file my_file01.cif (mmCIF, N, CA and C atoms)
data_final
#
loop_
_atom_site.label_atom_id
_atom_site.label_comp_id
_atom_site.auth_asym_id
_atom_site.auth_seq_id
_atom_site.Cartn_x
_atom_site.Cartn_y
_atom_site.Cartn_z
N MET A 1 44.14 261.08 75.95
CA MET A 1 43.02 261.25 76.82
C MET A 1 42.27 262.51 76.40
N ASN A 2 40.97 262.39 76.16
CA ASN A 2 40.14 263.50 75.72
C ASN A 2 39.16 263.85 76.84
N VAL A 3 39.31 265.04 77.42
CA VAL A 3 38.47 265.48 78.53
C VAL A 3 37.45 266.49 78.02
N GLU A 4 36.19 266.25 78.30
CA GLU A 4 35.12 267.20 78.00
C GLU A 4 34.46 267.57 79.32
N LEU A 5 34.76 268.77 79.78
CA LEU A 5 34.22 269.26 81.05
C LEU A 5 33.13 270.27 80.75
N ALA A 6 32.06 270.25 81.55
CA ALA A 6 31.02 271.26 81.40
C ALA A 6 31.64 272.63 81.65
N PRO A 7 31.12 273.69 81.03
CA PRO A 7 31.64 275.02 81.32
C PRO A 7 31.54 275.33 82.82
N LEU A 8 32.54 276.03 83.34
CA LEU A 8 32.54 276.34 84.77
C LEU A 8 31.29 277.09 85.20
N SER A 9 30.76 277.93 84.34
CA SER A 9 29.53 278.67 84.68
C SER A 9 28.37 277.71 84.90
N GLU A 10 28.30 276.63 84.11
CA GLU A 10 27.24 275.63 84.30
C GLU A 10 27.45 274.83 85.58
N ILE A 11 28.70 274.54 85.90
CA ILE A 11 28.99 273.82 87.15
C ILE A 11 28.63 274.71 88.34
N GLU A 12 28.96 275.99 88.26
CA GLU A 12 28.59 276.92 89.35
C GLU A 12 27.08 277.00 89.51
N THR A 13 26.35 277.04 88.41
CA THR A 13 24.88 277.06 88.48
C THR A 13 24.37 275.78 89.11
N ALA A 14 24.95 274.64 88.73
CA ALA A 14 24.54 273.36 89.32
C ALA A 14 24.81 273.33 90.83
N LEU A 15 25.93 273.90 91.25
CA LEU A 15 26.23 273.96 92.68
C LEU A 15 25.23 274.85 93.41
N ASN A 16 24.80 275.93 92.77
CA ASN A 16 23.82 276.82 93.40
C ASN A 16 22.44 276.16 93.54
N ASN A 17 22.18 275.16 92.70
CA ASN A 17 20.89 274.47 92.72
C ASN A 17 21.02 273.01 93.14
N PHE A 18 22.08 272.70 93.85
CA PHE A 18 22.43 271.32 94.20
C PHE A 18 21.37 270.70 95.11
N ASP A 19 20.99 269.47 94.82
CA ASP A 19 20.04 268.73 95.65
C ASP A 19 20.76 267.60 96.37
N PHE A 20 20.44 267.45 97.63
CA PHE A 20 20.98 266.38 98.44
C PHE A 20 19.90 265.36 98.72
N ILE A 21 20.32 264.11 98.91
CA ILE A 21 19.38 263.07 99.36
C ILE A 21 19.84 262.60 100.73
N GLU A 22 18.88 262.18 101.52
CA GLU A 22 19.21 261.60 102.82
C GLU A 22 19.51 260.12 102.61
N THR A 23 20.61 259.66 103.19
CA THR A 23 21.08 258.30 102.93
C THR A 23 20.68 257.29 104.00
N ASN A 24 20.21 257.75 105.14
CA ASN A 24 19.93 256.90 106.31
C ASN A 24 21.19 256.24 106.83
N ASN A 25 22.33 256.80 106.51
CA ASN A 25 23.62 256.32 106.99
C ASN A 25 24.12 257.35 108.01
N PRO A 26 24.29 256.97 109.28
CA PRO A 26 24.70 257.94 110.29
C PRO A 26 26.10 258.52 110.05
N VAL A 27 26.95 257.83 109.31
CA VAL A 27 28.29 258.33 109.03
C VAL A 27 28.26 259.39 107.93
N LYS A 28 27.47 259.17 106.89
CA LYS A 28 27.30 260.13 105.79
C LYS A 28 25.80 260.29 105.55
N PRO A 29 25.16 261.18 106.35
CA PRO A 29 23.69 261.25 106.31
C PRO A 29 23.07 261.88 105.07
N ILE A 30 23.79 262.78 104.40
CA ILE A 30 23.28 263.33 103.15
C ILE A 30 24.41 263.40 102.14
N MET A 31 24.03 263.29 100.86
CA MET A 31 25.01 263.41 99.79
C MET A 31 24.27 263.68 98.49
N GLY A 32 25.02 264.12 97.52
CA GLY A 32 24.48 264.33 96.19
C GLY A 32 25.61 264.21 95.18
N ARG A 33 25.23 263.91 93.94
CA ARG A 33 26.22 263.77 92.87
C ARG A 33 25.71 264.46 91.61
N ILE A 34 26.66 265.04 90.88
CA ILE A 34 26.35 265.56 89.56
C ILE A 34 27.46 265.15 88.60
N ILE A 35 27.10 264.98 87.35
CA ILE A 35 28.09 264.68 86.32
C ILE A 35 28.55 266.02 85.75
N ILE A 36 29.85 266.26 85.82
CA ILE A 36 30.38 267.54 85.37
C ILE A 36 31.16 267.42 84.06
N GLY A 37 31.20 266.22 83.51
CA GLY A 37 31.89 266.03 82.24
C GLY A 37 32.13 264.57 81.96
N ASN A 38 32.95 264.31 80.95
CA ASN A 38 33.35 262.93 80.66
C ASN A 38 34.75 262.93 80.09
N ILE A 39 35.31 261.75 80.09
CA ILE A 39 36.69 261.60 79.64
C ILE A 39 36.77 260.32 78.80
N LEU A 40 37.40 260.42 77.65
CA LEU A 40 37.60 259.27 76.79
C LEU A 40 39.05 258.84 76.92
N GLU A 41 39.24 257.63 77.41
CA GLU A 41 40.58 257.12 77.66
C GLU A 41 40.67 255.70 77.11
N ASN A 42 41.51 255.51 76.11
CA ASN A 42 41.67 254.19 75.48
C ASN A 42 40.33 253.61 75.04
N GLU A 43 39.53 254.43 74.37
CA GLU A 43 38.22 254.03 73.87
C GLU A 43 37.24 253.66 74.98
N ASN A 44 37.53 254.05 76.20
CA ASN A 44 36.66 253.80 77.35
C ASN A 44 36.13 255.14 77.84
N LEU A 45 34.81 255.32 77.79
CA LEU A 45 34.19 256.57 78.22
C LEU A 45 33.89 256.51 79.71
N LYS A 46 34.38 257.50 80.45
CA LYS A 46 34.12 257.59 81.89
C LYS A 46 33.45 258.93 82.18
N MET A 47 32.56 258.93 83.15
CA MET A 47 31.93 260.16 83.60
C MET A 47 32.81 260.82 84.66
N ILE A 48 32.84 262.15 84.65
CA ILE A 48 33.48 262.90 85.71
C ILE A 48 32.38 263.29 86.69
N VAL A 49 32.43 262.74 87.88
CA VAL A 49 31.35 262.88 88.86
C VAL A 49 31.85 263.69 90.05
N LEU A 50 31.05 264.65 90.45
CA LEU A 50 31.31 265.43 91.65
C LEU A 50 30.32 264.97 92.72
N GLU A 51 30.85 264.49 93.84
CA GLU A 51 30.02 264.08 94.97
C GLU A 51 30.27 265.03 96.13
N ILE A 52 29.20 265.51 96.75
CA ILE A 52 29.28 266.41 97.89
C ILE A 52 28.37 265.85 98.98
N GLY A 53 28.83 265.92 100.23
CA GLY A 53 27.98 265.42 101.30
C GLY A 53 28.49 265.81 102.67
N LEU A 54 27.78 265.30 103.66
CA LEU A 54 28.16 265.48 105.06
C LEU A 54 28.67 264.17 105.60
N GLU A 55 29.66 264.25 106.49
CA GLU A 55 30.14 263.05 107.18
C GLU A 55 30.31 263.38 108.65
N SER A 56 30.18 262.35 109.47
CA SER A 56 30.25 262.57 110.92
C SER A 56 31.62 263.11 111.31
N SER A 57 31.60 263.89 112.39
CA SER A 57 32.85 264.47 112.90
C SER A 57 33.03 264.05 114.35
N ASP A 58 34.07 264.54 114.97
CA ASP A 58 34.32 264.23 116.37
C ASP A 58 33.23 264.76 117.28
N ASN A 59 32.62 265.88 116.89
CA ASN A 59 31.53 266.46 117.66
C ASN A 59 30.23 265.78 117.23
N ALA A 60 29.56 265.12 118.15
CA ALA A 60 28.36 264.36 117.82
C ALA A 60 27.24 265.24 117.26
N GLU A 61 27.29 266.54 117.53
CA GLU A 61 26.25 267.45 117.06
C GLU A 61 26.49 267.91 115.63
N ASP A 62 27.74 267.97 115.22
CA ASP A 62 28.07 268.54 113.91
C ASP A 62 28.56 267.49 112.92
N TYR A 63 28.42 267.84 111.67
CA TYR A 63 28.93 267.04 110.56
C TYR A 63 29.83 267.93 109.72
N GLY A 64 30.83 267.34 109.11
CA GLY A 64 31.73 268.08 108.23
C GLY A 64 31.37 267.86 106.78
N TRP A 65 31.53 268.89 105.98
CA TRP A 65 31.29 268.78 104.55
C TRP A 65 32.50 268.14 103.87
N TYR A 66 32.25 267.39 102.82
CA TYR A 66 33.31 266.82 102.00
C TYR A 66 32.90 266.89 100.54
N TRP A 67 33.88 266.78 99.65
CA TRP A 67 33.59 266.58 98.24
C TRP A 67 34.65 265.68 97.65
N GLU A 68 34.24 264.98 96.60
CA GLU A 68 35.14 264.09 95.86
C GLU A 68 34.85 264.25 94.37
N ILE A 69 35.90 264.22 93.58
CA ILE A 69 35.77 264.20 92.12
C ILE A 69 36.25 262.82 91.69
N LYS A 70 35.40 262.13 90.92
CA LYS A 70 35.69 260.74 90.55
C LYS A 70 35.52 260.55 89.04
N LEU A 71 36.25 259.59 88.51
CA LEU A 71 36.05 259.11 87.15
C LEU A 71 35.37 257.76 87.28
N SER A 72 34.19 257.63 86.69
CA SER A 72 33.42 256.38 86.85
C SER A 72 32.91 255.85 85.53
N ASP A 73 32.93 254.53 85.42
CA ASP A 73 32.25 253.85 84.32
C ASP A 73 31.51 252.67 84.93
N ASP A 74 31.05 251.75 84.09
CA ASP A 74 30.26 250.62 84.59
C ASP A 74 31.03 249.70 85.52
N SER A 75 32.34 249.67 85.38
CA SER A 75 33.10 248.67 86.12
C SER A 75 34.08 249.23 87.15
N SER A 76 34.33 250.54 87.13
CA SER A 76 35.34 251.05 88.05
C SER A 76 35.10 252.50 88.41
N THR A 77 35.72 252.90 89.51
CA THR A 77 35.71 254.30 89.95
C THR A 77 37.13 254.67 90.38
N GLU A 78 37.59 255.79 89.87
CA GLU A 78 38.92 256.28 90.22
C GLU A 78 38.75 257.66 90.86
N ILE A 79 39.35 257.84 92.03
CA ILE A 79 39.29 259.13 92.72
C ILE A 79 40.31 260.08 92.11
N VAL A 80 39.85 261.26 91.69
CA VAL A 80 40.73 262.30 91.17
C VAL A 80 41.11 263.25 92.31
N SER A 81 40.13 263.60 93.12
CA SER A 81 40.35 264.51 94.24
C SER A 81 39.42 264.12 95.37
N LYS A 82 39.96 264.14 96.58
CA LYS A 82 39.18 263.74 97.76
C LYS A 82 39.44 264.79 98.83
N LYS A 83 38.45 265.62 99.12
CA LYS A 83 38.59 266.69 100.10
C LYS A 83 37.64 266.42 101.27
N HIS A 84 38.19 265.94 102.35
CA HIS A 84 37.43 265.68 103.57
C HIS A 84 37.99 266.58 104.67
N ASP A 85 37.17 266.83 105.66
CA ASP A 85 37.60 267.67 106.79
C ASP A 85 38.16 268.99 106.27
N VAL A 86 37.34 269.70 105.51
CA VAL A 86 37.78 270.93 104.85
C VAL A 86 37.53 272.18 105.70
N GLY A 87 37.07 272.00 106.93
CA GLY A 87 36.88 273.13 107.83
C GLY A 87 35.50 273.75 107.79
N PHE A 88 34.58 273.16 107.07
CA PHE A 88 33.21 273.65 107.04
C PHE A 88 32.31 272.60 107.68
N SER A 89 31.46 273.03 108.60
CA SER A 89 30.62 272.07 109.30
C SER A 89 29.21 272.61 109.49
N THR A 90 28.30 271.73 109.82
CA THR A 90 26.91 272.09 110.04
C THR A 90 26.27 271.06 110.96
N SER A 91 25.20 271.45 111.59
CA SER A 91 24.40 270.46 112.32
C SER A 91 23.31 270.01 111.37
N TYR A 92 22.88 268.79 111.54
CA TYR A 92 21.92 268.17 110.62
C TYR A 92 20.79 267.57 111.42
N LYS A 93 19.58 267.87 111.02
CA LYS A 93 18.40 267.26 111.62
C LYS A 93 17.63 266.59 110.49
N PRO A 94 17.45 265.26 110.57
CA PRO A 94 16.80 264.55 109.46
C PRO A 94 15.34 264.98 109.28
N SER A 95 14.83 264.72 108.09
CA SER A 95 13.42 265.00 107.82
C SER A 95 12.56 263.98 108.55
N CYS A 96 11.31 264.27 108.61
CA CYS A 96 10.34 263.35 109.23
C CYS A 96 9.89 262.35 108.17
N LYS A 97 10.38 261.14 108.23
CA LYS A 97 10.06 260.13 107.22
C LYS A 97 8.58 259.72 107.28
N ALA A 98 8.03 259.66 108.49
CA ALA A 98 6.65 259.20 108.65
C ALA A 98 5.64 260.20 108.10
N CYS A 99 5.92 261.49 108.30
CA CYS A 99 4.93 262.49 107.89
C CYS A 99 5.24 263.13 106.55
N SER A 100 6.44 263.05 106.09
CA SER A 100 6.92 263.60 104.81
C SER A 100 6.60 265.09 104.62
N ILE A 101 6.36 265.78 105.72
CA ILE A 101 6.08 267.21 105.65
C ILE A 101 7.27 268.02 106.16
N ILE A 102 7.96 267.50 107.15
CA ILE A 102 9.06 268.23 107.77
C ILE A 102 10.35 267.91 107.02
N PRO A 103 10.93 268.92 106.36
CA PRO A 103 12.16 268.67 105.60
C PRO A 103 13.38 268.58 106.51
N MET A 104 14.48 268.05 105.98
CA MET A 104 15.71 268.04 106.75
C MET A 104 16.14 269.48 107.03
N GLU A 105 16.92 269.63 108.08
CA GLU A 105 17.35 270.96 108.48
C GLU A 105 18.86 270.98 108.63
N LEU A 106 19.50 271.98 108.03
CA LEU A 106 20.93 272.18 108.13
C LEU A 106 21.18 273.54 108.77
N ARG A 107 21.99 273.56 109.82
CA ARG A 107 22.35 274.82 110.48
C ARG A 107 23.86 274.90 110.55
N GLY A 108 24.40 275.95 109.99
CA GLY A 108 25.85 276.13 109.96
C GLY A 108 26.29 276.45 108.55
N ASP A 109 27.48 275.99 108.19
CA ASP A 109 28.01 276.24 106.86
C ASP A 109 27.15 275.54 105.81
N LYS A 110 26.97 276.22 104.69
CA LYS A 110 26.20 275.69 103.57
C LYS A 110 27.12 275.54 102.37
N LEU A 111 26.65 274.84 101.36
CA LEU A 111 27.43 274.60 100.14
C LEU A 111 27.92 275.91 99.53
N LYS A 112 27.09 276.95 99.56
CA LYS A 112 27.50 278.22 98.96
C LYS A 112 28.73 278.81 99.65
N ASP A 113 28.97 278.42 100.92
CA ASP A 113 30.12 278.93 101.66
C ASP A 113 31.45 278.39 101.14
N PHE A 114 31.44 277.24 100.48
CA PHE A 114 32.70 276.66 100.00
C PHE A 114 32.65 276.23 98.54
N SER A 115 31.62 276.61 97.81
CA SER A 115 31.51 276.20 96.41
C SER A 115 32.67 276.73 95.55
N LYS A 116 33.20 277.89 95.89
CA LYS A 116 34.35 278.44 95.14
C LYS A 116 35.57 277.54 95.29
N LEU A 117 35.72 276.91 96.47
CA LEU A 117 36.84 275.97 96.67
C LEU A 117 36.68 274.74 95.78
N ILE A 118 35.46 274.30 95.58
CA ILE A 118 35.20 273.16 94.70
C ILE A 118 35.57 273.53 93.26
N ILE A 119 35.17 274.73 92.84
CA ILE A 119 35.50 275.19 91.48
C ILE A 119 37.02 275.25 91.31
N GLU A 120 37.72 275.76 92.32
CA GLU A 120 39.19 275.83 92.24
C GLU A 120 39.79 274.43 92.15
N ASP A 121 39.23 273.48 92.89
CA ASP A 121 39.71 272.09 92.85
C ASP A 121 39.50 271.50 91.45
N ILE A 122 38.36 271.76 90.85
CA ILE A 122 38.09 271.28 89.49
C ILE A 122 39.10 271.90 88.52
N LYS A 123 39.31 273.21 88.62
CA LYS A 123 40.25 273.88 87.72
C LYS A 123 41.65 273.31 87.87
N GLU A 124 42.05 273.06 89.10
CA GLU A 124 43.38 272.52 89.35
C GLU A 124 43.55 271.11 88.80
N ASN A 125 42.56 270.26 88.99
CA ASN A 125 42.68 268.87 88.57
C ASN A 125 42.49 268.65 87.08
N PHE A 126 41.87 269.61 86.40
CA PHE A 126 41.66 269.47 84.96
C PHE A 126 42.38 270.57 84.18
N ASP A 127 43.35 271.22 84.84
CA ASP A 127 44.25 272.18 84.20
C ASP A 127 43.48 273.24 83.41
N ILE A 128 42.52 273.88 84.10
CA ILE A 128 41.75 274.96 83.51
C ILE A 128 42.34 276.26 84.01
N LYS A 129 42.66 277.14 83.10
CA LYS A 129 43.33 278.39 83.45
C LYS A 129 42.39 279.40 84.05
N ASN A 130 41.15 279.47 83.59
CA ASN A 130 40.21 280.43 84.15
C ASN A 130 38.81 280.03 83.96
#

call {"tool": "encode", "arguments": {"input": "my_file01.cif", "output": "structure tokens"}}
result
Amino acid sequence: MNVELAPLSEIETALNNFDFIETNNPVKPIMGRIIIGNILENENLKMIVLEIGLESSDNAEDYGWYWEIKLSDDSSTEIVSKKHDVGFSTSYKPSCKACSIIPMELRGDKLKDFSKLIIEDIKENFDIKN
């Protein structure tokens, strides 16, 4: 198995500039994905994908942050790491779809508050020493 991961500094930069899309799904209202590398396994190339988003919580006002690291190709997806209910939450107010002027609003924990945990998860799952 040949793993090619983007340098951690590039992944950190991508996390600092991460873009989310609104999904119109009340359970997971926003999410985003970035490709952080690829893996060659038995002549099959898979992308290493990091997905980050919000999911509904017990409190109707708040959403919890989650992230998942996946190996994906055209026909399959394999979960490498799945971190849900990680203790970071925010309230979410959707953007105004009709007027397209009012952006979505997040109040509470932001990605920058837990991005170091994501980096640690990547290092742990891909055996990176530093």

call {"tool": "residues_around", "arguments": {"input": "my_file01.cif", "residues": "A:Pro26", "least_positions_apart": "3", "cutoff": "6.5 Å", "atoms": "all atoms listed in the file", "output": "number ranges by chain"}}
result
A: 23, 29, 56

call {"tool": "atom_distance", "arguments": {"input": "my_file01.cif", "atom1": "atom CA of A:Glu43", "atom2": "atom CA of A:Ile69"}}
result
21.0 Å

call {"tool": "residues_around", "arguments": {"input": "my_file01.cif", "residues": "A:Arg107", "least_positions_apart": "6", "cutoff": "6 Å", "atoms": "only N, CA and C atoms", "output": "list of chain:residue names"}}
result
A:Ser89, A:Thr90, A:Ser91, A:Tyr92

call {"tool": "select_by_dssp", "arguments": {"input": "my_file01.cif", "residues": "chain A", "states": "strand (DSSP E)", "output": "NGL selection string"}}
result
:A and (2-5 or 21-22 or 30-41 or 44-56 or 62-72 or 77-83 or 89-93 or 105-108)

call {"tool": "residues_around", "arguments": {"input": "my_file01.cif", "residues": "A:Leu40", "least_positions_apart": "2", "cutoff": "6.5 Å", "atoms": "only N, CA and C atoms", "output": "PDB file with N, CA and C atoms, in the coordinates of the input"}}
result
ATOM      1  N   MET A   1      44.140 261.080  75.950  1.00  0.00           N
ATOM      2  CA  MET A   1      43.020 261.250  76.820  1.00  0.00           C
ATOM      3  C   MET A   1      42.270 262.510  76.400  1.00  0.00           C
ATOM      4  N   ASN A   2      40.970 262.390  76.160  1.00  0.00           N
ATOM      5  CA  ASN A   2      40.140 263.500  75.720  1.00  0.00           C
ATOM      6  C   ASN A   2      39.160 263.850  76.840  1.00  0.00           C
ATOM      7  N   VAL A   3      39.310 265.040  77.420  1.00  0.00           N
ATOM      8  CA  VAL A   3      38.470 265.480  78.530  1.00  0.00           C
ATOM      9  C   VAL A   3      37.450 266.490  78.020  1.00  0.00           C
ATOM     10  N   GLU A   4      36.190 266.250  78.300  1.00  0.00           N
ATOM     11  CA  GLU A   4      35.120 267.200  78.000  1.00  0.00           C
ATOM     12  C   GLU A   4      34.460 267.570  79.320  1.00  0.00           C
ATOM     13  N   ASN A  38      32.950 264.310  80.950  1.00  0.00           N
ATOM     14  CA  ASN A  38      33.350 262.930  80.660  1.00  0.00           C
ATOM     15  C   ASN A  38      34.750 262.930  80.090  1.00  0.00           C
ATOM     16  N   ASN A  42      41.510 255.510  76.110  1.00  0.00           N
ATOM     17  CA  ASN A  42      41.670 254.190  75.480  1.00  0.00           C
ATOM     18  C   ASN A  42      40.330 253.610  75.040  1.00  0.00           C
ATOM     19  N   GLU A  43      39.530 254.430  74.370  1.00  0.00           N
ATOM     20  CA  GLU A  43      38.220 254.030  73.870  1.00  0.00           C
ATOM     21  C   GLU A  43      37.240 253.660  74.980  1.00  0.00           C
ATOM     22  N   ASN A  44      37.530 254.050  76.200  1.00  0.00           N
ATOM     23  CA  ASN A  44      36.660 253.800  77.350  1.00  0.00           C
ATOM     24  C   ASN A  44      36.130 255.140  77.840  1.00  0.00           C
ATOM     25  N   LEU A  45      34.810 255.320  77.790  1.00  0.00           N
ATOM     26  CA  LEU A  45      34.190 256.570  78.220  1.00  0.00           C
ATOM     27  C   LEU A  45      33.890 256.510  79.710  1.00  0.00           C
ATOM     28  N   LYS A  46      34.380 257.500  80.450  1.00  0.00           N
ATOM     29  CA  LYS A  46      34.120 257.590  81.890  1.00  0.00           C
ATOM     30  C   LYS A  46      33.450 258.930  82.180  1.00  0.00           C
TER      31      LYS A  46
END

call {"tool": "resolve_selection", "arguments": {"input": "my_file01.cif", "expression": "the PyMOL selection byres ((chain A and resi 34) around 7)", "output": "number ranges by chain"}}
result
A: 32-33, 35-37, 48-52

call {"tool": "residues_around", "arguments": {"input": "my_file01.cif", "residues": "A:Ser57", "least_positions_apart": "5", "cutoff": "9 Å", "atoms": "only C-alpha atoms", "output": "list in words"}}
result
Val27, Asp62, Tyr63, Gly64, Asp85 and Ser89 of chain A

call {"tool": "closest_residue", "arguments": {"input": "my_file01.cif", "among": "A:Ser81, A:Ser9, A:Asn25, A:Asn17", "to": "A:Leu111", "atoms": "only C-alpha atoms"}}
result
A:Asn17

call {"tool": "atom_distance", "arguments": {"input": "my_file01.cif", "atom1": "atom CA of A:Trp65", "atom2": "atom CA of A:Lys83"}}
result
8.8 Å

call {"tool": "resolve_selection", "arguments": {"input": "my_file01.cif", "expression": "the PyMOL selection byres (((chain A and resi 93 and name CA) around 7) and name CA)", "output": "PDB file with N, CA and C atoms, in the frame of the given file"}}
result
ATOM      1  N   SER A  91      25.200 271.450 111.590  1.00  0.00           N
ATOM      2  CA  SER A  91      24.400 270.460 112.320  1.00  0.00           C
ATOM      3  C   SER A  91      23.310 270.010 111.370  1.00  0.00           C
ATOM      4  N   TYR A  92      22.880 268.790 111.540  1.00  0.00           N
ATOM      5  CA  TYR A  92      21.920 268.170 110.620  1.00  0.00           C
ATOM      6  C   TYR A  92      20.790 267.570 111.420  1.00  0.00           C
ATOM      7  N   PRO A  94      17.450 265.260 110.570  1.00  0.00           N
ATOM      8  CA  PRO A  94      16.800 264.550 109.460  1.00  0.00           C
ATOM      9  C   PRO A  94      15.340 264.980 109.280  1.00  0.00           C
ATOM     10  N   SER A  95      14.830 264.720 108.090  1.00  0.00           N
ATOM     11  CA  SER A  95      13.420 265.000 107.820  1.00  0.00           C
ATOM     12  C   SER A  95      12.560 263.980 108.550  1.00  0.00           C
ATOM     13  N   MET A 104      14.480 268.050 105.980  1.00  0.00           N
ATOM     14  CA  MET A 104      15.710 268.040 106.750  1.00  0.00           C
ATOM     15  C   MET A 104      16.140 269.480 107.030  1.00  0.00           C
ATOM     16  N   GLU A 105      16.920 269.630 108.080  1.00  0.00           N
ATOM     17  CA  GLU A 105      17.350 270.960 108.480  1.00  0.00           C
ATOM     18  C   GLU A 105      18.860 270.980 108.630  1.00  0.00           C
ATOM     19  N   LEU A 106      19.500 271.980 108.030  1.00  0.00           N
ATOM     20  CA  LEU A 106      20.930 272.180 108.130  1.00  0.00           C
ATOM     21  C   LEU A 106      21.180 273.540 108.770  1.00  0.00           C
TER      22      LEU A 106
END

call {"tool": "atom_distance", "arguments": {"input": "my_file01.cif", "atom1": "atom CA of A:Lys112", "atom2": "atom CA of A:Asp19"}}
result
12.5 Å

call {"tool": "resolve_selection", "arguments": {"input": "my_file01.cif", "expression": "the PyMOL selection byres ((chain A and resi 79) around 7)", "output": "ChimeraX atom specification"}}
result
/A:68-71,77-78,80-82

call {"tool": "closest_residue", "arguments": {"input": "my_file01.cif", "among": "A:His84, A:Glu55, A:Phe20, A:Asp109", "to": "A:Trp67", "atoms": "all atoms listed in the file"}}
result
A:His84
